[in-house]
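Trainee: The file below is query-v8.pdb, PDB, C-alpha atoms, pLDDT in the B column:
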ATOM      1  CA  MET A   1     -18.608  -3.816   6.638  1.00 67.00           C
ATOM      2  CA  GLN A   2     -16.282  -1.107   5.298  1.00 78.00           C
ATOM      3  CA  VAL A   3     -12.650  -2.245   5.314  1.00 90.00           C
ATOM      4  CA  PHE A   4      -9.566  -0.103   4.775  1.00 93.00           C
ATOM      5  CA  TYR A   5      -5.937  -1.064   4.173  1.00 93.00           C
ATOM      6  CA  ALA A   6      -3.375   0.031   6.770  1.00 92.00           C
ATOM      7  CA  GLN A   7      -0.123  -1.700   5.931  1.00 88.00           C
ATOM      8  CA  ASP A   8       2.075   0.069   8.510  1.00 89.00           C
ATOM      9  CA  ILE A   9      -0.413   0.255  11.376  1.00 92.00           C
ATOM     10  CA  SER A  10       0.868   0.241  14.968  1.00 87.00           C
ATOM     11  CA  GLY A  11      -0.276   1.743  18.250  1.00 88.00           C
ATOM     12  CA  GLU A  12      -3.679   3.142  19.174  1.00 93.00           C
ATOM     13  CA  ILE A  13      -3.877   5.896  16.541  1.00 95.00           C
ATOM     14  CA  TYR A  14      -3.627   5.465  12.773  1.00 95.00           C
ATOM     15  CA  ILE A  15      -3.734   8.062  10.010  1.00 95.00           C
ATOM     16  CA  LEU A  16      -5.071   6.771   6.719  1.00 94.00           C
ATOM     17  CA  ASP A  17      -3.253   7.711   3.522  1.00 92.00           C
ATOM     18  CA  PRO A  18      -4.777  10.450   1.310  1.00 93.00           C
ATOM     19  CA  ASN A  19      -6.476   7.997  -1.083  1.00 89.00           C
ATOM     20  CA  GLU A  20      -8.227   6.040   1.664  1.00 90.00           C
ATOM     21  CA  SER A  21      -8.975   9.291   3.541  1.00 93.00           C
ATOM     22  CA  LYS A  22     -10.684  10.913   0.544  1.00 93.00           C
ATOM     23  CA  HIS A  23     -12.737   7.765  -0.018  1.00 91.00           C
ATOM     24  CA  ILE A  24     -13.877   7.486   3.568  1.00 92.00           C
ATOM     25  CA  VAL A  25     -14.696  11.201   3.990  1.00 93.00           C
ATOM     26  CA  ARG A  26     -15.834  12.455   0.558  1.00 93.00           C
ATOM     27  CA  VAL A  27     -17.255   9.322  -1.046  1.00 93.00           C
ATOM     28  CA  LEU A  28     -18.648   7.406   1.914  1.00 92.00           C
ATOM     29  CA  ARG A  29     -19.276  10.619   3.892  1.00 93.00           C
ATOM     30  CA  MET A  30     -18.378   8.952   7.173  1.00 93.00           C
ATOM     31  CA  LYS A  31     -18.334  11.228  10.212  1.00 94.00           C
ATOM     32  CA  LYS A  32     -16.512  11.546  13.512  1.00 95.00           C
ATOM     33  CA  GLY A  33     -17.383   8.558  15.672  1.00 94.00           C
ATOM     34  CA  SER A  34     -18.216   6.273  12.719  1.00 94.00           C
ATOM     35  CA  PRO A  35     -16.905   2.707  13.182  1.00 94.00           C
ATOM     36  CA  VAL A  36     -14.283   1.452  10.738  1.00 94.00           C
ATOM     37  CA  ASN A  37     -12.326  -1.742  10.184  1.00 94.00           C
ATOM     38  CA  LEU A  38      -8.673  -1.854   9.160  1.00 95.00           C
ATOM     39  CA  ILE A  39      -6.544  -4.713   7.825  1.00 95.00           C
ATOM     40  CA  ASP A  40      -2.759  -4.759   7.594  1.00 95.00           C
ATOM     41  CA  GLY A  41      -2.160  -7.716   5.241  1.00 95.00           C
ATOM     42  CA  ARG A  42      -0.452  -9.645   8.056  1.00 95.00           C
ATOM     43  CA  GLY A  43      -3.538 -11.337   9.505  1.00 95.00           C
ATOM     44  CA  ASN A  44      -4.786  -8.616  11.837  1.00 95.00           C
ATOM     45  CA  LEU A  45      -8.262  -7.063  11.848  1.00 96.00           C
ATOM     46  CA  TYR A  46      -8.528  -3.748  13.677  1.00 96.00           C
ATOM     47  CA  LYS A  47     -11.750  -2.147  14.831  1.00 96.00           C
ATOM     48  CA  GLY A  48     -11.766   1.579  15.465  1.00 95.00           C
ATOM     49  CA  ILE A  49     -13.677   4.821  15.196  1.00 95.00           C
ATOM     50  CA  ILE A  50     -13.007   8.009  13.257  1.00 96.00           C
ATOM     51  CA  SER A  51     -11.639  10.669  15.591  1.00 96.00           C
ATOM     52  CA  ASP A  52     -10.898  13.267  12.897  1.00 96.00           C
ATOM     53  CA  PRO A  53     -12.523  12.929   9.441  1.00 95.00           C
ATOM     54  CA  ASP A  54      -9.763  14.793   7.564  1.00 95.00           C
ATOM     55  CA  ALA A  55      -9.863  14.076   3.813  1.00 94.00           C
ATOM     56  CA  GLU A  56      -6.073  14.381   3.605  1.00 94.00           C
ATOM     57  CA  GLY A  57      -5.331  12.192   6.609  1.00 95.00           C
ATOM     58  CA  CYS A  58      -8.312  10.665   8.373  1.00 95.00           C
ATOM     59  CA  ILE A  59      -7.410   9.794  11.971  1.00 96.00           C
ATOM     60  CA  ILE A  60      -8.643   6.477  13.366  1.00 96.00           C
ATOM     61  CA  LYS A  61      -8.633   5.555  17.039  1.00 97.00           C
ATOM     62  CA  ILE A  62      -8.036   1.813  17.408  1.00 96.00           C
ATOM     63  CA  GLU A  63     -10.307   0.116  19.942  1.00 96.00           C
ATOM     64  CA  SER A  64      -9.545  -3.583  19.431  1.00 96.00           C
ATOM     65  CA  VAL A  65      -7.555  -5.986  17.279  1.00 96.00           C
ATOM     66  CA  THR A  66      -8.155  -9.608  16.286  1.00 95.00           C
ATOM     67  CA  HIS A  67      -4.958 -11.469  15.424  1.00 95.00           C
ATOM     68  CA  GLU A  68      -4.855 -14.246  12.790  1.00 94.00           C
ATOM     69  CA  PHE A  69      -8.386 -13.374  11.718  1.00 93.00           C
ATOM     70  CA  GLU A  70      -9.898 -16.396   9.909  1.00 89.00           C
ATOM     71  CA  LYS A  71      -6.480 -17.907   9.339  1.00 91.00           C
ATOM     72  CA  ARG A  72      -6.673 -21.037   7.190  1.00 91.00           C
ATOM     73  CA  ASN A  73      -4.861 -24.229   8.191  1.00 91.00           C
ATOM     74  CA  TYR A  74      -3.436 -24.749   4.717  1.00 95.00           C
ATOM     75  CA  ARG A  75      -1.495 -22.690   2.185  1.00 96.00           C
ATOM     76  CA  LEU A  76      -2.188 -22.478  -1.536  1.00 98.00           C
ATOM     77  CA  HIS A  77       0.410 -21.452  -4.115  1.00 98.00           C
ATOM     78  CA  ILE A  78      -0.732 -21.049  -7.730  1.00 98.00           C
ATOM     79  CA  ALA A  79       1.938 -20.811 -10.443  1.00 98.00           C
ATOM     80  CA  ILE A  80       0.180 -19.676 -13.605  1.00 98.00           C
ATOM     81  CA  SER A  81       1.302 -18.478 -17.003  1.00 98.00           C
ATOM     82  CA  PRO A  82       0.763 -14.799 -17.876  1.00 97.00           C
ATOM     83  CA  LEU A  83      -1.683 -14.327 -20.726  1.00 96.00           C
ATOM     84  CA  LYS A  84      -1.625 -12.503 -24.029  1.00 94.00           C
ATOM     85  CA  ASN A  85      -4.562 -10.426 -22.802  1.00 95.00           C
ATOM     86  CA  PRO A  86      -3.379  -8.948 -19.455  1.00 95.00           C
ATOM     87  CA  GLU A  87      -6.955  -8.218 -18.351  1.00 96.00           C
ATOM     88  CA  ARG A  88      -7.675 -11.952 -18.228  1.00 96.00           C
ATOM     89  CA  PHE A  89      -4.667 -12.537 -15.975  1.00 97.00           C
ATOM     90  CA  GLU A  90      -5.772  -9.659 -13.739  1.00 97.00           C
ATOM     91  CA  TRP A  91      -9.270 -11.177 -13.567  1.00 98.00           C
ATOM     92  CA  PHE A  92      -7.734 -14.411 -12.343  1.00 98.00           C
ATOM     93  CA  VAL A  93      -5.740 -12.587  -9.665  1.00 98.00           C
ATOM     94  CA  GLU A  94      -8.796 -10.714  -8.402  1.00 98.00           C
ATOM     95  CA  LYS A  95     -11.001 -13.810  -8.155  1.00 98.00           C
ATOM     96  CA  ALA A  96      -8.258 -16.023  -6.718  1.00 98.00           C
ATOM     97  CA  VAL A  97      -7.609 -13.526  -3.929  1.00 98.00           C
ATOM     98  CA  GLU A  98     -11.326 -13.287  -3.160  1.00 97.00           C
ATOM     99  CA  ILE A  99     -11.553 -17.081  -2.879  1.00 96.00           C
ATOM    100  CA  GLY A 100      -8.261 -17.487  -1.047  1.00 96.00           C
ATOM    101  CA  VAL A 101      -4.704 -17.911  -2.334  1.00 97.00           C
ATOM    102  CA  ASP A 102      -1.464 -17.301  -0.457  1.00 97.00           C
ATOM    103  CA  GLU A 103       1.038 -17.001  -3.300  1.00 98.00           C
ATOM    104  CA  ILE A 104       0.845 -16.357  -7.023  1.00 98.00           C
ATOM    105  CA  THR A 105       3.852 -16.922  -9.262  1.00 98.00           C
ATOM    106  CA  PRO A 106       3.688 -15.851 -12.919  1.00 98.00           C
ATOM    107  CA  LEU A 107       5.086 -18.926 -14.665  1.00 98.00           C
ATOM    108  CA  ILE A 108       7.010 -18.476 -17.908  1.00 98.00           C
ATOM    109  CA  CYS A 109       6.498 -21.592 -20.028  1.00 97.00           C
ATOM    110  CA  LYS A 110       7.478 -22.656 -23.528  1.00 96.00           C
ATOM    111  CA  ASN A 111       4.088 -21.563 -24.925  1.00 96.00           C
ATOM    112  CA  THR A 112       3.748 -18.361 -22.890  1.00 96.00           C
ATOM    113  CA  GLU A 113       3.059 -15.615 -25.439  1.00 94.00           C
ATOM    114  CA  LYS A 114       3.456 -12.516 -23.273  1.00 91.00           C
ATOM    115  CA  PRO A 115       5.671 -13.049 -20.223  1.00 90.00           C
ATOM    116  CA  GLY A 116       5.467  -9.532 -18.751  1.00 90.00           C
ATOM    117  CA  ILE A 117       3.088  -8.435 -15.986  1.00 94.00           C
ATOM    118  CA  LYS A 118       2.299  -5.039 -14.452  1.00 95.00           C
ATOM    119  CA  THR A 119       3.461  -5.715 -10.916  1.00 96.00           C
ATOM    120  CA  GLU A 120       2.268  -2.479  -9.303  1.00 96.00           C
ATOM    121  CA  ARG A 121      -1.172  -2.707 -10.912  1.00 97.00           C
ATOM    122  CA  ILE A 122      -1.591  -6.348  -9.879  1.00 97.00           C
ATOM    123  CA  ASN A 123      -0.539  -5.633  -6.289  1.00 97.00           C
ATOM    124  CA  ASN A 124      -3.172  -2.879  -6.181  1.00 95.00           C
ATOM    125  CA  LEU A 125      -5.748  -5.384  -7.448  1.00 97.00           C
ATOM    126  CA  ILE A 126      -4.683  -7.788  -4.706  1.00 97.00           C
ATOM    127  CA  ILE A 127      -5.245  -5.143  -2.027  1.00 95.00           C
ATOM    128  CA  SER A 128      -8.639  -4.197  -3.483  1.00 95.00           C
ATOM    129  CA  ALA A 129      -9.764  -7.842  -3.640  1.00 96.00           C
ATOM    130  CA  MET A 130      -8.446  -8.453  -0.136  1.00 95.00           C
ATOM    131  CA  LYS A 131     -10.598  -5.608   1.212  1.00 93.00           C
ATOM    132  CA  GLN A 132     -13.625  -6.713  -0.816  1.00 92.00           C
ATOM    133  CA  SER A 133     -13.507 -10.260   0.522  1.00 93.00           C
ATOM    134  CA  LEU A 134     -12.409  -9.355   4.077  1.00 91.00           C
ATOM    135  CA  LYS A 135      -9.085 -11.145   3.873  1.00 94.00           C
ATOM    136  CA  THR A 136      -6.517 -10.036   6.421  1.00 95.00           C
ATOM    137  CA  TYR A 137      -3.569 -11.860   4.843  1.00 96.00           C
ATOM    138  CA  GLN A 138      -2.170 -10.253   1.713  1.00 97.00           C
ATOM    139  CA  THR A 139      -1.529 -12.599  -1.202  1.00 98.00           C
ATOM    140  CA  GLN A 140       2.150 -12.641  -2.141  1.00 98.00           C
ATOM    141  CA  LEU A 141       2.854 -11.856  -5.788  1.00 98.00           C
ATOM    142  CA  ASN A 142       6.192 -13.398  -6.711  1.00 98.00           C
ATOM    143  CA  VAL A 143       8.483 -12.276  -9.509  1.00 97.00           C
ATOM    144  CA  PRO A 144       7.952 -14.192 -12.762  1.00 97.00           C
ATOM    145  CA  ALA A 145       9.790 -17.509 -12.789  1.00 97.00           C
ATOM    146  CA  GLY A 146      10.900 -19.723 -15.636  1.00 98.00           C
ATOM    147  CA  PHE A 147       9.324 -23.170 -15.697  1.00 98.00           C
ATOM    148  CA  HIS A 148      12.579 -25.041 -15.065  1.00 97.00           C
ATOM    149  CA  ASP A 149      13.604 -22.707 -12.243  1.00 97.00           C
ATOM    150  CA  PHE A 150      10.211 -22.995 -10.551  1.00 98.00           C
ATOM    151  CA  ILE A 151      10.033 -26.784 -10.465  1.00 97.00           C
ATOM    152  CA  SER A 152      13.651 -26.924  -9.271  1.00 96.00           C
ATOM    153  CA  GLU A 153      12.868 -24.791  -6.215  1.00 96.00           C
ATOM    154  CA  SER A 154      11.919 -26.270  -2.859  1.00 95.00           C
ATOM    155  CA  HIS A 155       8.145 -26.065  -2.258  1.00 96.00           C
ATOM    156  CA  ASN A 156       6.083 -27.127   0.734  1.00 93.00           C
ATOM    157  CA  GLY A 157       2.989 -29.266   0.284  1.00 95.00           C
ATOM    158  CA  LYS A 158       1.500 -31.405  -2.466  1.00 97.00           C
ATOM    159  CA  LEU A 159       2.917 -30.580  -5.891  1.00 98.00           C
ATOM    160  CA  MET A 160       0.515 -30.687  -8.857  1.00 98.00           C
ATOM    161  CA  ILE A 161       0.520 -29.787 -12.549  1.00 98.00           C
ATOM    162  CA  ALA A 162      -2.806 -29.354 -14.355  1.00 97.00           C
ATOM    163  CA  HIS A 163      -2.870 -30.002 -18.095  1.00 95.00           C
ATOM    164  CA  CYS A 164      -5.059 -31.354 -20.919  1.00 91.00           C
ATOM    165  CA  TYR A 165      -3.044 -34.340 -22.184  1.00 87.00           C
ATOM    166  CA  GLY A 166      -3.767 -38.032 -21.614  1.00 76.00           C
ATOM    167  CA  GLU A 167      -6.998 -38.726 -19.765  1.00 69.00           C
ATOM    168  CA  LYS A 168      -5.652 -41.895 -18.142  1.00 70.00           C
ATOM    169  CA  MET A 169      -2.515 -40.198 -16.878  1.00 85.00           C
ATOM    170  CA  ARG A 170      -4.242 -37.413 -14.937  1.00 92.00           C
ATOM    171  CA  ARG A 171      -6.019 -37.695 -11.608  1.00 93.00           C
ATOM    172  CA  LYS A 172      -8.732 -35.626  -9.982  1.00 93.00           C
ATOM    173  CA  LEU A 173      -7.407 -32.884  -7.756  1.00 94.00           C
ATOM    174  CA  SER A 174      -9.486 -34.309  -4.890  1.00 91.00           C
ATOM    175  CA  GLU A 175      -7.723 -37.670  -5.283  1.00 93.00           C
ATOM    176  CA  VAL A 176      -4.306 -36.083  -4.968  1.00 94.00           C
ATOM    177  CA  CYS A 177      -4.725 -33.383  -2.332  1.00 94.00           C
ATOM    178  CA  SER A 178      -6.363 -33.708   1.088  1.00 92.00           C
ATOM    179  CA  PRO A 179      -7.974 -31.143   3.413  1.00 93.00           C
ATOM    180  CA  GLY A 180      -5.491 -29.303   5.592  1.00 94.00           C
ATOM    181  CA  VAL A 181      -2.574 -29.991   3.232  1.00 96.00           C
ATOM    182  CA  ASP A 182      -0.521 -27.222   1.615  1.00 97.00           C
ATOM    183  CA  ALA A 183      -0.834 -27.228  -2.171  1.00 98.00           C
ATOM    184  CA  VAL A 184       1.228 -25.987  -5.123  1.00 98.00           C
ATOM    185  CA  ILE A 185      -0.616 -26.069  -8.464  1.00 98.00           C
ATOM    186  CA  MET A 186       0.834 -25.149 -11.853  1.00 98.00           C
ATOM    187  CA  ILE A 187      -1.496 -23.854 -14.565  1.00 98.00           C
ATOM    188  CA  GLY A 188      -0.190 -23.596 -18.141  1.00 97.00           C
ATOM    189  CA  PRO A 189      -0.610 -20.998 -20.914  1.00 96.00           C
ATOM    190  CA  GLU A 190      -3.197 -20.902 -23.720  1.00 92.00           C
ATOM    191  CA  GLY A 191      -1.242 -23.562 -25.639  1.00 91.00           C
ATOM    192  CA  ASP A 192      -0.888 -25.693 -22.483  1.00 95.00           C
ATOM    193  CA  PHE A 193       2.376 -27.044 -21.147  1.00 97.00           C
ATOM    194  CA  SER A 194       4.602 -28.881 -23.587  1.00 96.00           C
ATOM    195  CA  LYS A 195       4.907 -32.620 -23.107  1.00 94.00           C
ATOM    196  CA  GLU A 196       8.562 -32.077 -22.236  1.00 96.00           C
ATOM    197  CA  GLU A 197       7.587 -29.679 -19.465  1.00 97.00           C
ATOM    198  CA  ILE A 198       5.109 -32.184 -18.051  1.00 96.00           C
ATOM    199  CA  GLU A 199       7.727 -34.916 -18.022  1.00 96.00           C
ATOM    200  CA  GLU A 200      10.225 -32.593 -16.362  1.00 97.00           C
ATOM    201  CA  ALA A 201       7.669 -31.643 -13.701  1.00 97.00           C
ATOM    202  CA  MET A 202       6.919 -35.302 -13.023  1.00 96.00           C
ATOM    203  CA  SER A 203      10.641 -35.916 -12.497  1.00 96.00           C
ATOM    204  CA  LYS A 204      10.437 -33.269  -9.741  1.00 97.00           C
ATOM    205  CA  ASN A 205       7.552 -35.072  -7.987  1.00 96.00           C
ATOM    206  CA  PHE A 206       4.683 -33.055  -9.461  1.00 97.00           C
ATOM    207  CA  THR A 207       1.505 -35.113  -9.889  1.00 97.00           C
ATOM    208  CA  GLN A 208      -0.571 -34.743 -13.057  1.00 96.00           C
ATOM    209  CA  ILE A 209      -4.128 -33.574 -12.395  1.00 96.00           C
ATOM    210  CA  HIS A 210      -7.223 -32.388 -14.244  1.00 94.00           C
ATOM    211  CA  LEU A 211      -9.934 -29.949 -13.167  1.00 93.00           C
ATOM    212  CA  GLY A 212     -12.909 -31.731 -14.721  1.00 90.00           C
ATOM    213  CA  PRO A 213     -14.012 -32.840 -18.194  1.00 88.00           C
ATOM    214  CA  SER A 214     -14.203 -29.347 -19.733  1.00 89.00           C
ATOM    215  CA  ARG A 215     -11.245 -27.695 -21.436  1.00 89.00           C
ATOM    216  CA  LEU A 216     -10.800 -24.466 -19.508  1.00 94.00           C
ATOM    217  CA  ARG A 217      -9.103 -21.202 -20.336  1.00 95.00           C
ATOM    218  CA  THR A 218      -5.954 -20.551 -18.317  1.00 97.00           C
ATOM    219  CA  GLU A 219      -7.562 -17.948 -16.060  1.00 97.00           C
ATOM    220  CA  THR A 220     -10.666 -20.119 -15.543  1.00 97.00           C
ATOM    221  CA  ALA A 221      -8.500 -23.117 -14.661  1.00 97.00           C
ATOM    222  CA  GLY A 222      -6.652 -21.021 -12.097  1.00 97.00           C
ATOM    223  CA  VAL A 223      -9.895 -19.926 -10.440  1.00 98.00           C
ATOM    224  CA  ALA A 224     -11.262 -23.492 -10.575  1.00 97.00           C
ATOM    225  CA  ALA A 225      -8.132 -24.795  -8.855  1.00 97.00           C
ATOM    226  CA  CYS A 226      -8.434 -22.163  -6.103  1.00 97.00           C
ATOM    227  CA  HIS A 227     -12.095 -22.927  -5.542  1.00 96.00           C
ATOM    228  CA  SER A 228     -11.528 -26.696  -5.538  1.00 96.00           C
ATOM    229  CA  ILE A 229      -8.958 -26.372  -2.755  1.00 96.00           C
ATOM    230  CA  TYR A 230     -11.167 -23.922  -0.847  1.00 94.00           C
ATOM    231  CA  PHE A 231     -14.270 -26.089  -1.142  1.00 93.00           C
ATOM    232  CA  MET A 232     -12.353 -29.237  -0.206  1.00 92.00           C
ATOM    233  CA  ASN A 233     -11.274 -27.618   3.057  1.00 91.00           C
ATOM    234  CA  TYR A 234     -14.475 -25.687   3.759  1.00 86.00           C
ATOM    235  CA  SER A 235     -16.700 -28.723   3.245  1.00 74.00           C
ATOM    236  CA  GLN A 236     -14.702 -30.675   5.800  1.00 64.00           C
ATOM    237  CA  ASN A 237     -15.417 -28.019   8.441  1.00 55.00           C
ATOM    238  CA  LEU A 238     -11.812 -27.946   9.478  1.00 48.00           C
ATOM    239  CA  PRO A 239     -11.029 -25.812  12.524  1.00 47.00           C
ATOM    240  CA  ILE A 240      -9.809 -22.267  11.896  1.00 48.00           C
ATOM    241  CA  SER A 241      -6.986 -20.940  14.019  1.00 44.00           C
ATOM    242  CA  PRO A 242      -8.058 -18.245  16.492  1.00 41.00           C
TER
END
Write the structure described by the file as structure tokens, please.

Mentor:
Amino acid sequence: MQVFYAQDISGEIYILDPNESKHIVRVLRMKKGSPVNLIDGRGNLYKGIISDPDAEGCIIKIESVTHEFEKRNYRLHIAISPLKNPERFEWFVEKAVEIGVDEITPLICKNTEKPGIKTERINNLIISAMKQSLKTYQTQLNVPAGFHDFISESHNGKLMIAHCYGEKMRRKLSEVCSPGVDAVIMIGPEGDFSKEEIEEAMSKNFTQIHLGPSRLRTETAGVAACHSIYFMNYSQNLPISP
């Protein structure tokens, strides 16, 4: 299924932007009458056909729309430290979006080595991963937040902080979070959270968790957290909103 991004779609006719138009006409060589699928990042899946295969502005006639396509009954927010190697952080973003994550907040911690991120590039990766995995809801990339500011904000759902200290103090994610429950999970930098940060998070009602016996890289831990929440809900066969 070929999927194209149409952020500002409305009405029965939509003109794709030049980048998407060139791809659909010159790369995929799709013709007049070919079926296409469009997503808007707001939960809608549009089915249409090409009425004019113009490489500068391909015109799509919309035939039907499915609202809240495969909407999940939980929300997942991952707050994760940027990494010294930006490609590893981008890999996390791509895989997390493919699995399913609603919000990503770059989290600036005491041990964060390189706090900056390339916002435009990451948002483009989000759109690409959303199309690849047929997600109709666009993951929200938040502005980087300091650790103290983040835990002081109001968050919905179960609050968790994953770290590598104290085996007896940490619980399995599955023991803390239940299917159908919104989740906020913090993932630390290469040097992990400081003990002071963990204590501060606990004072704000964050529960200490681990993601298994292995010591994971930051980006791997982020993906593991996303998949754990996804699998927990998927395996319960929870109903999906129409």

Trainee: Can you work out which one of A:Arg88, A:His155, A:Lys118, A:His163 has the shortest atom-to-atom distance to Val143 in chain A, counting only C-alpha atoms?

Mentor: A:Lys118

Trainee: Name every residue that the PyMOL selection byres ((chain A and resi 97-103) around 7) selects in this structure, writing the answer as an NGL selection string with chains first and numbers rising.

Mentor: :A and (75-78 or 93-96 or 104-105 or 126 or 129-130 or 133 or 139-141 or 226-227)

Trainee: Name the residues that the PyMOL selection byres ((chain A and resi 160) around 9) picks from the file above, as a PyMOL selection string, using the file's chain letters and numbers.

Mentor: chain A and resi 158-159+161-162+173+176-177+183-186+201-202+205-209

Trainee: Which residues are near Lys32 in chain A? Cut-off 6 Å, only C-alpha atoms, ignore same chain within fewer than 5 positions. Put them as a list in words.

Mentor: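 Listed by chain and then number, they are Ile50, Ser51, Asp52 and Pro53 of chain A.
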
Trainee: To test your reading of the syntax: which residues would the PyMOL selection byres ((chain A and resi 219) around 8) return for the file shown? Reply as a ChimeraX atom specification.

Mentor: /A:88-89,91-92,217-218,220-223

Trainee: Go ahead and save the residues from that selection, with C-alpha atoms, as an mmCIF file, in the frame of the given file.

Mentor:
data_model
loop_
_atom_site.group_PDB
_atom_site.id
_atom_site.type_symbol
_atom_site.label_atom_id
_atom_site.label_comp_id
_atom_site.auth_asym_id
_atom_site.auth_seq_id
_atom_site.Cartn_x
_atom_site.Cartn_y
_atom_site.Cartn_z
ATOM 1 C CA ARG A 88 -7.675 -11.952 -18.228
ATOM 2 C CA PHE A 89 -4.667 -12.537 -15.975
ATOM 3 C CA TRP A 91 -9.270 -11.177 -13.567
ATOM 4 C CA PHE A 92 -7.734 -14.411 -12.343
ATOM 5 C CA ARG A 217 -9.103 -21.202 -20.336
ATOM 6 C CA THR A 218 -5.954 -20.551 -18.317
ATOM 7 C CA THR A 220 -10.666 -20.119 -15.543
ATOM 8 C CA ALA A 221 -8.500 -23.117 -14.661
ATOM 9 C CA GLY A 222 -6.652 -21.021 -12.097
ATOM 10 C CA VAL A 223 -9.895 -19.926 -10.440
#
